[in-house]
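Down below is the structure, laid out as structure tokens.
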Amino acid sequence: MFWLYLWGPLRPYTYPNGDLLPGAWFVVVVFACIALWWVLPRAYFEIREFERTGRIYRALGVLVFRRFAPNGDFANQWERRANPDFRVIGGRRAAADFVLRTEQSERGHLVLLALGIVSAVYAWRIGWHGWATYLSVGNVLVNVYPILLQRYTRSRLRGILHGGRSTHGAATA
């Protein structure tokens with residue numbers, strides 16, 4: 001909506017008139033954000049030492065977020081009411097495949113996070129501070145927390161796959 005308001009066709013009458021769209025340089029910035037998908041080094045996805053216990057993620061509220069996420073705690077509980085044998089991850093092979101899914105999901109949320117930051121900065125730059133705040137808060141909820149959840153899940157799964165046991169507790173995702 002921000003970009004449609006900025007472009008003009010959906011701009012409310014109370015918003016300032018004029019051409020507020022960024023220049024051609026902005027296309028380069030957008031392409032750089034999208035290029036993150038391909039240029040992120042493999043090392044980025046490795047779990048760091050401070051992440052291994054999950055303590056940082058619990059402190060940041062990732063487990064609360066996980067309750068409401070797709071394939072999260074509440075969705076899984078609901079599915080298990082009808083199908084008690086349901087598991088998102090059904091074994092070691094499924095866990096290994098799920099690790100790759102977490103990387104792909106994190107990669108996508110990083111691209112969207114970068115685009116959201118660019119949008120929020122631009123909104124602030126043109127004086128639309130309310131939009132900048134809205135975009136920033138939304139970006140945290142829609143991208144930062146999913147990134148943290150993917151890293152937390154990957155840390156749990158790697159602990160199970162490589163060490164035989166997770167330091168985070170049960171392995172259900």
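The way I read the labels, and the way they are meant: chains A, B, ... in the order of the structure tokens, residue 1 as the first residue of every chain, and ligand 1 as the first ligand shown, with later ones counted on from there.
Within 12 Å of Leu141 in chain A, once only C-alpha atoms are used and residues closer than 4 positions along the same chain are dropped, the contacting residues are A:Gly61, A:Val62, A:Phe65, A:Arg66, A:Phe68, A:Ala69, A:His109, A:Leu112, A:Leu113, A:Gly116, A:Tyr134, A:Leu135, A:Ser136, A:Val137, A:Tyr145, A:Pro146, A:Ile147, A:Leu148, A:Leu149.
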Near Leu6 in chain A, within 7 Å and counting only C-alpha atoms, which residues show up once chain neighbours fewer than 5 positions away are dropped, as an mmCIF file with N, CA, C and O atoms, in the first residue's frame?
```
data_model
loop_
_atom_site.group_PDB
_atom_site.id
_atom_site.type_symbol
_atom_site.label_atom_id
_atom_site.label_comp_id
_atom_site.auth_asym_id
_atom_site.auth_seq_id
_atom_site.Cartn_x
_atom_site.Cartn_y
_atom_site.Cartn_z
ATOM 1 N N ARG A 11 -3.380 7.433 -3.564
ATOM 2 C CA ARG A 11 -2.969 8.396 -2.542
ATOM 3 C C ARG A 11 -4.188 9.150 -2.013
ATOM 4 O O ARG A 11 -4.946 9.743 -2.773
ATOM 5 N N LEU A 20 6.569 11.734 -5.815
ATOM 6 C CA LEU A 20 7.388 11.317 -4.680
ATOM 7 C C LEU A 20 8.172 10.045 -4.960
ATOM 8 O O LEU A 20 8.891 9.557 -4.096
ATOM 9 N N LEU A 21 8.031 9.506 -6.162
ATOM 10 C CA LEU A 21 8.728 8.258 -6.479
ATOM 11 C C LEU A 21 10.237 8.476 -6.528
ATOM 12 O O LEU A 21 10.712 9.534 -6.947
#
```
Those of range 27-99 of chain A in DSSP alpha helix (DSSP H), formatted as a ChimeraX atom specification: /A:27-39,55-59,62-68,73-82,92-99
Quick one: residues within 12 Å of range 73-78 of chain A, only C-alpha atoms, excluding same-chain residues fewer than 4 positions away - as a CSV table (one decimal) with all heavy atoms, in the first residue's frame?
```csv
chain,number,residue,atom,x,y,z
A,62,VAL,N,10.9,-16.1,20.5
A,62,VAL,CA,10.6,-16.9,19.3
A,62,VAL,C,9.7,-18.0,19.5
A,62,VAL,O,8.9,-18.4,18.7
A,62,VAL,CB,12.0,-17.3,18.7
A,62,VAL,CG1,11.8,-18.3,17.6
A,62,VAL,CG2,12.8,-16.1,18.2
A,63,LEU,N,9.7,-18.6,20.7
A,63,LEU,CA,8.9,-19.7,21.0
A,63,LEU,C,7.4,-19.3,21.1
A,63,LEU,O,6.5,-20.0,20.7
A,63,LEU,CB,9.3,-20.4,22.3
A,63,LEU,CG,10.7,-21.1,22.3
A,63,LEU,CD1,11.0,-21.7,23.6
A,63,LEU,CD2,10.8,-22.0,21.2
A,64,VAL,N,7.1,-18.1,21.5
A,64,VAL,CA,5.8,-17.5,21.5
A,64,VAL,C,5.3,-17.3,20.0
A,64,VAL,O,4.2,-17.7,19.7
A,64,VAL,CB,5.7,-16.2,22.3
A,64,VAL,CG1,4.3,-15.5,22.1
A,64,VAL,CG2,6.0,-16.4,23.7
A,65,PHE,N,6.2,-16.8,19.2
A,65,PHE,CA,5.9,-16.6,17.8
A,65,PHE,C,5.6,-18.0,17.1
A,65,PHE,O,4.7,-18.1,16.3
A,65,PHE,CB,7.1,-15.9,17.1
A,65,PHE,CG,6.9,-15.7,15.6
A,65,PHE,CD1,6.1,-14.7,15.1
A,65,PHE,CD2,7.4,-16.6,14.7
A,65,PHE,CE1,5.9,-14.5,13.8
A,65,PHE,CE2,7.2,-16.4,13.3
A,65,PHE,CZ,6.5,-15.4,12.9
A,66,ARG,N,6.4,-19.0,17.5
A,66,ARG,CA,6.3,-20.3,16.9
A,66,ARG,C,4.9,-20.9,17.1
A,66,ARG,O,4.4,-21.6,16.3
A,66,ARG,CB,7.3,-21.2,17.5
A,66,ARG,CG,7.3,-22.6,16.8
A,66,ARG,CD,8.3,-23.5,17.4
A,66,ARG,NE,7.9,-24.0,18.7
A,66,ARG,CZ,8.6,-24.9,19.3
A,66,ARG,NH1,9.7,-25.5,18.8
A,66,ARG,NH2,8.1,-25.3,20.5
A,67,ARG,N,4.2,-20.5,18.2
A,67,ARG,CA,2.9,-21.0,18.5
A,67,ARG,C,1.9,-20.7,17.4
A,67,ARG,O,1.0,-21.4,17.1
A,67,ARG,CB,2.4,-20.5,19.8
A,67,ARG,CG,3.1,-21.0,21.0
A,67,ARG,CD,2.5,-20.4,22.3
A,67,ARG,NE,3.2,-20.9,23.4
A,67,ARG,CZ,3.1,-20.3,24.6
A,67,ARG,NH1,2.3,-19.3,24.8
A,67,ARG,NH2,3.9,-20.7,25.6
A,68,PHE,N,2.1,-19.5,16.8
A,68,PHE,CA,1.1,-18.9,15.9
A,68,PHE,C,1.6,-19.1,14.4
A,68,PHE,O,0.8,-18.8,13.5
A,68,PHE,CB,0.9,-17.5,16.2
A,68,PHE,CG,0.3,-17.2,17.5
A,68,PHE,CD1,1.2,-16.9,18.6
A,68,PHE,CD2,-1.0,-17.4,17.8
A,68,PHE,CE1,0.7,-16.7,19.9
A,68,PHE,CE2,-1.5,-17.3,19.1
A,68,PHE,CZ,-0.6,-16.9,20.1
A,69,ALA,N,2.8,-19.5,14.2
A,69,ALA,CA,3.3,-19.6,12.8
A,69,ALA,C,2.7,-20.8,12.1
A,69,ALA,O,2.2,-21.7,12.7
A,69,ALA,CB,4.8,-19.8,12.9
A,82,ALA,N,-7.3,-34.4,14.6
A,82,ALA,CA,-7.9,-35.2,13.6
A,82,ALA,C,-7.0,-36.4,13.2
A,82,ALA,O,-7.5,-37.5,12.8
A,82,ALA,CB,-8.3,-34.4,12.4
A,83,ASN,N,-5.7,-36.2,13.3
A,83,ASN,CA,-4.8,-37.2,12.8
A,83,ASN,C,-3.7,-37.3,13.9
A,83,ASN,O,-2.6,-36.7,13.8
A,83,ASN,CB,-4.2,-36.8,11.5
A,83,ASN,CG,-3.2,-37.8,11.0
A,83,ASN,OD1,-3.0,-38.9,11.6
A,83,ASN,ND2,-2.6,-37.5,9.9
A,84,PRO,N,-3.9,-38.2,14.9
A,84,PRO,CA,-2.9,-38.3,16.0
A,84,PRO,C,-1.5,-38.6,15.6
A,84,PRO,O,-0.5,-38.4,16.3
A,84,PRO,CB,-3.5,-39.3,16.9
A,84,PRO,CG,-4.9,-39.4,16.6
A,84,PRO,CD,-5.0,-39.0,15.1
A,85,ASP,N,-1.3,-39.3,14.4
A,85,ASP,CA,0.0,-39.7,14.0
A,85,ASP,C,0.7,-38.6,13.2
A,85,ASP,O,1.8,-38.8,12.7
A,85,ASP,CB,-0.1,-40.9,13.1
A,85,ASP,CG,-0.6,-42.1,13.9
A,85,ASP,OD1,-0.3,-42.2,15.1
A,85,ASP,OD2,-1.3,-43.0,13.2
A,86,PHE,N,0.1,-37.4,13.0
A,86,PHE,CA,0.6,-36.3,12.2
A,86,PHE,C,1.9,-35.8,12.8
A,86,PHE,O,2.0,-35.5,14.0
A,86,PHE,CB,-0.4,-35.2,12.0
A,86,PHE,CG,0.2,-34.0,11.4
A,86,PHE,CD1,0.4,-33.9,10.0
A,86,PHE,CD2,0.6,-32.9,12.2
A,86,PHE,CE1,1.0,-32.8,9.4
A,86,PHE,CE2,1.2,-31.8,11.6
A,86,PHE,CZ,1.3,-31.7,10.2
A,87,ARG,N,2.9,-35.7,12.0
A,87,ARG,CA,4.2,-35.0,12.4
A,87,ARG,C,4.7,-34.2,11.2
A,87,ARG,O,4.6,-34.7,10.0
A,87,ARG,CB,5.3,-36.0,12.7
A,87,ARG,CG,5.0,-36.9,14.0
A,87,ARG,CD,5.0,-36.0,15.2
A,87,ARG,NE,4.7,-36.8,16.4
A,87,ARG,CZ,3.4,-36.9,16.9
A,87,ARG,NH1,2.4,-36.3,16.4
A,87,ARG,NH2,3.2,-37.6,18.0
A,88,VAL,N,5.2,-33.0,11.4
A,88,VAL,CA,5.8,-32.2,10.4
A,88,VAL,C,7.0,-32.9,9.9
A,88,VAL,O,7.3,-32.9,8.7
A,88,VAL,CB,6.0,-30.8,10.9
A,88,VAL,CG1,6.8,-30.0,9.8
A,88,VAL,CG2,4.7,-30.1,11.2
A,89,ILE,N,7.8,-33.4,10.9
A,89,ILE,CA,9.1,-34.0,10.6
A,89,ILE,C,8.9,-35.5,11.1
A,89,ILE,O,8.8,-35.7,12.3
A,89,ILE,CB,10.2,-33.3,11.3
A,89,ILE,CG1,10.3,-31.9,10.8
A,89,ILE,CG2,11.5,-34.1,11.0
A,89,ILE,CD1,11.3,-31.0,11.5
A,172,THR,N,9.9,-32.2,18.2
A,172,THR,CA,8.8,-31.9,17.3
A,172,THR,C,8.8,-30.5,16.8
A,172,THR,O,9.0,-29.6,17.6
A,172,THR,CB,7.4,-32.2,18.0
A,172,THR,OG1,7.4,-31.4,19.2
A,172,THR,CG2,7.3,-33.7,18.3
A,173,ALA,N,8.5,-30.3,15.6
A,173,ALA,CA,8.5,-28.9,15.0
A,173,ALA,C,7.1,-28.5,14.7
A,173,ALA,O,6.3,-29.3,14.5
A,173,ALA,CB,9.4,-28.8,13.8
```
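When only C-alpha atoms are used to measure the gap to Gly54 in chain A, the shortest distance among A:Asn143, A:Gln150, A:Ser119, A:Asn71 belongs to A:Gln150.
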For range 82-149 of chain A against range 25-45 of chain A, with a cut-off of 12 Å and counting only C-alpha atoms, what is the closest atom pair and its distance in Å to one decimal for every residue that makes the cut, ordered by chain and number, as CSV?
```
residue,atom,partner,partner_atom,distance
A:Val99,CA,A:Phe45,CA,10.0
A:Leu100,CA,A:Phe45,CA,9.9
A:Arg101,CA,A:Phe45,CA,11.7
A:Thr102,CA,A:Phe45,CA,9.4
A:Glu103,CA,A:Phe45,CA,6.7
A:Gln104,CA,A:Trp37,CA,8.8
A:Ser105,CA,A:Trp37,CA,10.4
A:Glu106,CA,A:Phe45,CA,8.7
A:Arg107,CA,A:Trp37,CA,5.8
A:Gly108,CA,A:Trp37,CA,6.8
A:His109,CA,A:Trp37,CA,9.5
A:Leu110,CA,A:Leu36,CA,7.6
A:Val111,CA,A:Ile34,CA,5.7
A:Leu112,CA,A:Cys33,CA,8.0
A:Leu113,CA,A:Cys33,CA,8.8
A:Ala114,CA,A:Cys33,CA,5.7
A:Leu115,CA,A:Cys33,CA,6.1
A:Gly116,CA,A:Cys33,CA,9.7
A:Ile117,CA,A:Cys33,CA,9.8
A:Val118,CA,A:Val29,CA,8.0
A:Ser119,CA,A:Val30,CA,9.7
A:Val121,CA,A:Phe26,CA,12.0
A:Tyr122,CA,A:Phe26,CA,9.8
A:Ile147,CA,A:Phe45,CA,10.7
A:Leu148,CA,A:Phe45,CA,11.6
```
